[in-house]
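Student: This structure is in structure tokens; I'll ask about it shortly.
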Amino acid sequence: MRARFVLFPSVLSLCAALVAIGCTRAPERRTFTLQGQVQSLDAPHKLVTVKHEEIKGFMPAMTMPYEVEDAKAIDALAPGDLINASLVVFSNGAHLTEIRKVGTAPLEKPPADVPNPPASAGFELIRPGESIPDAKFVDQDGKARRFGAFKGSPVVMTFIYTKCPLPTFCPLMDRHFATLQKTLKADSALKAVKLVTVSFDPVTDTPPVLKKHAKSLDADLTRWTFLTGDRDDVDQFAARFGVSVSRALNDARDITHNLRTVIIGADGKLVKVYTGNDWSPEQVLADLKKLE
């Protein structure tokens with residue numbers, strides 16, 4: 001089209017104006033029916049955690065926090081409520097709307113006879129100032145990697161799985177890291193910082209899958225590394241940062257998890273943990289600049 005109109009700037013200007021006014025595509029929006037039970041409420045952040053059934057055509061049964069479109073909707077809810085709602089998913093987010101209470105039921109309680117793992121099991125949380133375990137991994141190229149190999153460089157690390165469907169969860173971590181990568185490349189004071197993404201779904205996220213995922217994010221693999229490994233090893237490593245991962249016995253796609261992102265100093269010790277998705281690349285960059 002440009003070649004045909006290159007000799008007619010007035011026509012080209014009119015076309016551009018029309019495109020700007022009426023031809024811009026709206027972000028893709030999809031709406032799904034959600035049925036589940038309210039587990040907890042976070043009114044200040046407009047979040048409701050729901051244990052829901054499979055959302056056909058989108059995601060398996062999971063327990064996840066969802067933002068509500070109308071903050072007042074949370075006022076009418078309580079843990080244990082059974083709800084029907086519409087889940088609206090768009091390019092970079094999602095929220096619940098048209099929430100309707102249809103009943104109530106006791107919340108499922110964990111078995112009382114399951115003890116907490118002792119500290120010797122290796123699941124105790126790492127505190128700021130403590131060293132990061134030299135865990136075993138496999139990177140996107142299929143090469144064995146020890147986490148200790150990152151020592152000497154500050155590291156920003158997060159945990160995801162590539163099939164995560166909700167834009168405000170793992171895909172948001174990917175987008176934040178892509179933003180960080182651009183800034184780190186442009187800031188000479190932060191040139192030594194490395195990015196690490198750890199997948200806790202080794203069944204699906206094989207090295208070739210991670211390599212393809214890295215390419216989709218335009219990841220510079222000299223700075224941004226993608227790791228996976230033995231499932232139990234990854235789970236134990238992730239748990240040390242407060243990552244909780246549970247998988248349904250009858251469906252490997254059914255992964256319920258929370259989010260943690262961390263900064264590790266060049267000395268291999270934990271500096272800071274960000275909980276959930278309530279952080280921004282700007283916050284991380286500011287904290288990185290505080291490192292000695």
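Chain labels run A, B, ... following the order of the structure tokens; each chain numbers its residues from 1, and ligands are numbered from 1 in the order shown.
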Within 12 Å of A:His213, counting only C-alpha atoms, which residues qualify if same-chain residues fewer than 3 places away don't, as a JSON list (two decimals) with N, CA and C atoms, in the first residue's frame?
Tutor:
[["chain", "number", "residue", "atom", "x", "y", "z"],
["A", 140, "GLN", "N", 18.40, -24.23, 28.91],
["A", 140, "GLN", "CA", 17.65, -24.29, 27.66],
["A", 140, "GLN", "C", 18.42, -24.99, 26.54],
["A", 160, "ILE", "N", 8.36, -19.93, 36.91],
["A", 160, "ILE", "CA", 7.19, -19.94, 36.02],
["A", 160, "ILE", "C", 6.98, -21.34, 35.47],
["A", 161, "TYR", "N", 5.93, -21.50, 34.67],
["A", 161, "TYR", "CA", 5.86, -22.59, 33.70],
["A", 161, "TYR", "C", 5.24, -22.05, 32.43],
["A", 162, "THR", "N", 5.69, -22.54, 31.29],
["A", 162, "THR", "CA", 5.37, -21.90, 30.02],
["A", 162, "THR", "C", 3.91, -22.05, 29.60],
["A", 163, "LYS", "N", 3.19, -23.03, 30.16],
["A", 163, "LYS", "CA", 1.79, -23.23, 29.81],
["A", 163, "LYS", "C", 0.85, -22.46, 30.72],
["A", 171, "PRO", "N", 3.05, -15.24, 32.53],
["A", 171, "PRO", "CA", 3.32, -14.35, 31.39],
["A", 171, "PRO", "C", 3.72, -12.94, 31.81],
["A", 174, "ASP", "N", 7.34, -13.01, 32.62],
["A", 174, "ASP", "CA", 8.11, -12.98, 31.37],
["A", 174, "ASP", "C", 8.21, -11.56, 30.83],
["A", 197, "THR", "N", 15.25, -17.59, 34.83],
["A", 197, "THR", "CA", 13.87, -18.07, 34.91],
["A", 197, "THR", "C", 13.91, -19.58, 35.13],
["A", 199, "SER", "N", 11.72, -23.04, 35.51],
["A", 199, "SER", "CA", 10.43, -23.69, 35.29],
["A", 199, "SER", "C", 10.24, -24.82, 36.29],
["A", 204, "THR", "N", 6.69, -30.73, 30.82],
["A", 204, "THR", "CA", 6.38, -29.96, 29.61],
["A", 204, "THR", "C", 7.55, -29.10, 29.16],
["A", 205, "ASP", "N", 8.18, -28.45, 30.12],
["A", 205, "ASP", "CA", 9.23, -27.48, 29.79],
["A", 205, "ASP", "C", 10.60, -28.14, 29.66],
["A", 206, "THR", "N", 10.73, -28.91, 28.61],
["A", 206, "THR", "CA", 12.02, -29.53, 28.28],
["A", 206, "THR", "C", 12.96, -28.46, 27.74],
["A", 207, "PRO", "N", 14.26, -28.73, 27.67],
["A", 207, "PRO", "CA", 15.17, -27.73, 27.11],
["A", 207, "PRO", "C", 14.74, -27.16, 25.75],
["A", 208, "PRO", "N", 14.29, -27.99, 24.79],
["A", 208, "PRO", "CA", 13.86, -27.40, 23.52],
["A", 208, "PRO", "C", 12.67, -26.46, 23.67],
["A", 209, "VAL", "N", 11.74, -26.81, 24.57],
["A", 209, "VAL", "CA", 10.59, -25.93, 24.81],
["A", 209, "VAL", "C", 11.05, -24.61, 25.42],
["A", 210, "LEU", "N", 11.97, -24.69, 26.39],
["A", 210, "LEU", "CA", 12.49, -23.48, 27.00],
["A", 210, "LEU", "C", 13.27, -22.64, 25.99],
["A", 216, "SER", "N", 10.87, -16.62, 21.80],
["A", 216, "SER", "CA", 9.64, -15.84, 21.69],
["A", 216, "SER", "C", 9.73, -14.56, 22.50],
["A", 217, "LEU", "N", 10.58, -14.56, 23.54],
["A", 217, "LEU", "CA", 10.75, -13.38, 24.38],
["A", 217, "LEU", "C", 11.93, -12.52, 23.93],
["A", 218, "ASP", "N", 12.57, -12.94, 22.84],
["A", 218, "ASP", "CA", 13.77, -12.24, 22.35],
["A", 218, "ASP", "C", 14.82, -12.17, 23.45],
["A", 219, "ALA", "N", 14.97, -13.28, 24.18],
["A", 219, "ALA", "CA", 15.90, -13.32, 25.30],
["A", 219, "ALA", "C", 17.34, -13.40, 24.81],
["A", 220, "ASP", "N", 18.19, -12.60, 25.41],
["A", 220, "ASP", "CA", 19.63, -12.66, 25.17],
["A", 220, "ASP", "C", 20.19, -13.72, 26.11],
["A", 221, "LEU", "N", 20.51, -14.88, 25.58],
["A", 221, "LEU", "CA", 20.90, -16.01, 26.41],
["A", 221, "LEU", "C", 22.28, -15.84, 27.04],
["A", 224, "TRP", "N", 20.23, -13.90, 30.03],
["A", 224, "TRP", "CA", 18.98, -14.47, 30.56],
["A", 224, "TRP", "C", 19.01, -15.98, 30.34],
["A", 225, "THR", "N", 19.01, -16.73, 31.43],
["A", 225, "THR", "CA", 19.10, -18.19, 31.39],
["A", 225, "THR", "C", 17.78, -18.81, 31.83],
["A", 226, "PHE", "N", 17.38, -19.89, 31.15],
["A", 226, "PHE", "CA", 16.16, -20.61, 31.50],
["A", 226, "PHE", "C", 16.56, -22.00, 32.01],
["A", 227, "LEU", "N", 16.06, -22.35, 33.19],
["A", 227, "LEU", "CA", 16.47, -23.59, 33.84],
["A", 227, "LEU", "C", 15.28, -24.48, 34.15]]
Student: May I have the residues within 10 Å of stretch 286-289 of chain A as a count of residues only, using only C-alpha atoms and disregarding those fewer than 3 positions away in the same chain?
Tutor: 15
Student: What does the distance from atom CA of A:Pro44 to atom CA of A:Asp70 come to in Å, to one decimal?
Tutor: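 We find that atom CA of A:Pro44 and atom CA of A:Asp70 lie 12.2 Å from each other.
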Student: For A:Asp278, which of A:Ala85, A:Ile126, A:Met64, A:Leu47 is the closest residue, counting only C-alpha atoms?
Tutor: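 Checking each candidate against A:Asp278, we get A:Leu47 as the closest.
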Student: Can you tell me how far atom CA of A:Val88 sits from atom CA of A:Phe32, in Å to one decimal?
Tutor: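 So the two atoms, atom CA of A:Val88 and atom CA of A:Phe32, lie 6.5 Å apart.
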Student: Just list as an MDAnalysis selection string whatever in stretch 69-255 of chain A DSSP marks as strand (DSSP E).
Tutor: chainID A and resid 81:90 93:104 136:139 144:146 155:160 194:199 224:228 245:248 251:255
Student: Take atom CA of A:Ile83 and atom CA of A:Thr63 and report the distance between them in Å, one decimal.
Tutor: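 That distance, rounded to one decimal, is 13.6 Å.
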Student: Fewer than 2 positions away in the same chain doesn't count, so skip those; otherwise give me all residues within 7 Å of A:Phe147, counting only C-alpha atoms, as JSON, numbers by chain.
Tutor: {"A": [134, 135, 136, 145, 149, 150]}
Student: Using only C-alpha atoms, find the one residue out of A:Pro133, A:Gly142, A:Pro202, A:Gly268 that sits nearest to A:Arg240.
Tutor: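 Among A:Pro133, A:Gly142, A:Pro202, A:Gly268, it is A:Pro133 that comes nearest to A:Arg240.
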Student: Could you tell me which of A:Val196, A:Leu249, A:Met173, A:Met157 comes closest to A:Val262 if we count only C-alpha atoms?
Tutor: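 Distance minimum relative to A:Val262 lands on A:Met157.
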Student: At a cut-off of 10 Å, using only C-alpha atoms, what residues contact A:Arg231? Leave out same-chain residues fewer than 2 positions from it and give the result as a PyMOL selection string.
Tutor: chain A and resi 199-203+228-229+233-237
Student: Could you turn the residues from that selection into a file that holds N, CA and C atoms, as an mmCIF file, in the first residue's frame?
Tutor:
data_model
loop_
_atom_site.group_PDB
_atom_site.id
_atom_site.type_symbol
_atom_site.label_atom_id
_atom_site.label_comp_id
_atom_site.auth_asym_id
_atom_site.auth_seq_id
_atom_site.Cartn_x
_atom_site.Cartn_y
_atom_site.Cartn_z
ATOM 1 N N SER A 199 11.722 -23.042 35.506
ATOM 2 C CA SER A 199 10.433 -23.689 35.291
ATOM 3 C C SER A 199 10.242 -24.821 36.290
ATOM 4 N N PHE A 200 9.067 -24.850 36.914
ATOM 5 C CA PHE A 200 8.745 -25.956 37.830
ATOM 6 C C PHE A 200 7.843 -26.985 37.151
ATOM 7 N N ASP A 201 7.848 -26.996 35.809
ATOM 8 C CA ASP A 201 7.090 -27.994 35.038
ATOM 9 C C ASP A 201 8.027 -28.709 34.069
ATOM 10 N N PRO A 202 8.950 -29.526 34.598
ATOM 11 C CA PRO A 202 9.945 -30.156 33.724
ATOM 12 C C PRO A 202 9.355 -31.152 32.739
ATOM 13 N N VAL A 203 8.151 -31.672 33.009
ATOM 14 C CA VAL A 203 7.526 -32.607 32.077
ATOM 15 C C VAL A 203 7.236 -31.920 30.752
ATOM 16 N N THR A 228 15.555 -25.778 34.125
ATOM 17 C CA THR A 228 14.616 -26.778 34.609
ATOM 18 C C THR A 228 15.463 -27.895 35.214
ATOM 19 N N GLY A 229 14.844 -29.021 35.493
ATOM 20 C CA GLY A 229 15.615 -30.105 36.093
ATOM 21 C C GLY A 229 14.701 -31.179 36.657
ATOM 22 N N ASP A 233 13.832 -31.882 42.734
ATOM 23 C CA ASP A 233 14.932 -30.943 43.018
ATOM 24 C C ASP A 233 14.478 -29.499 42.818
ATOM 25 N N VAL A 234 13.744 -29.263 41.725
ATOM 26 C CA VAL A 234 13.257 -27.911 41.443
ATOM 27 C C VAL A 234 12.265 -27.470 42.516
ATOM 28 N N ASP A 235 11.355 -28.381 42.887
ATOM 29 C CA ASP A 235 10.363 -28.037 43.909
ATOM 30 C C ASP A 235 11.027 -27.680 45.231
ATOM 31 N N GLN A 236 12.040 -28.449 45.610
ATOM 32 C CA GLN A 236 12.715 -28.192 46.875
ATOM 33 C C GLN A 236 13.453 -26.858 46.824
ATOM 34 N N PHE A 237 14.110 -26.588 45.700
ATOM 35 C CA PHE A 237 14.818 -25.322 45.534
ATOM 36 C C PHE A 237 13.829 -24.156 45.587
#
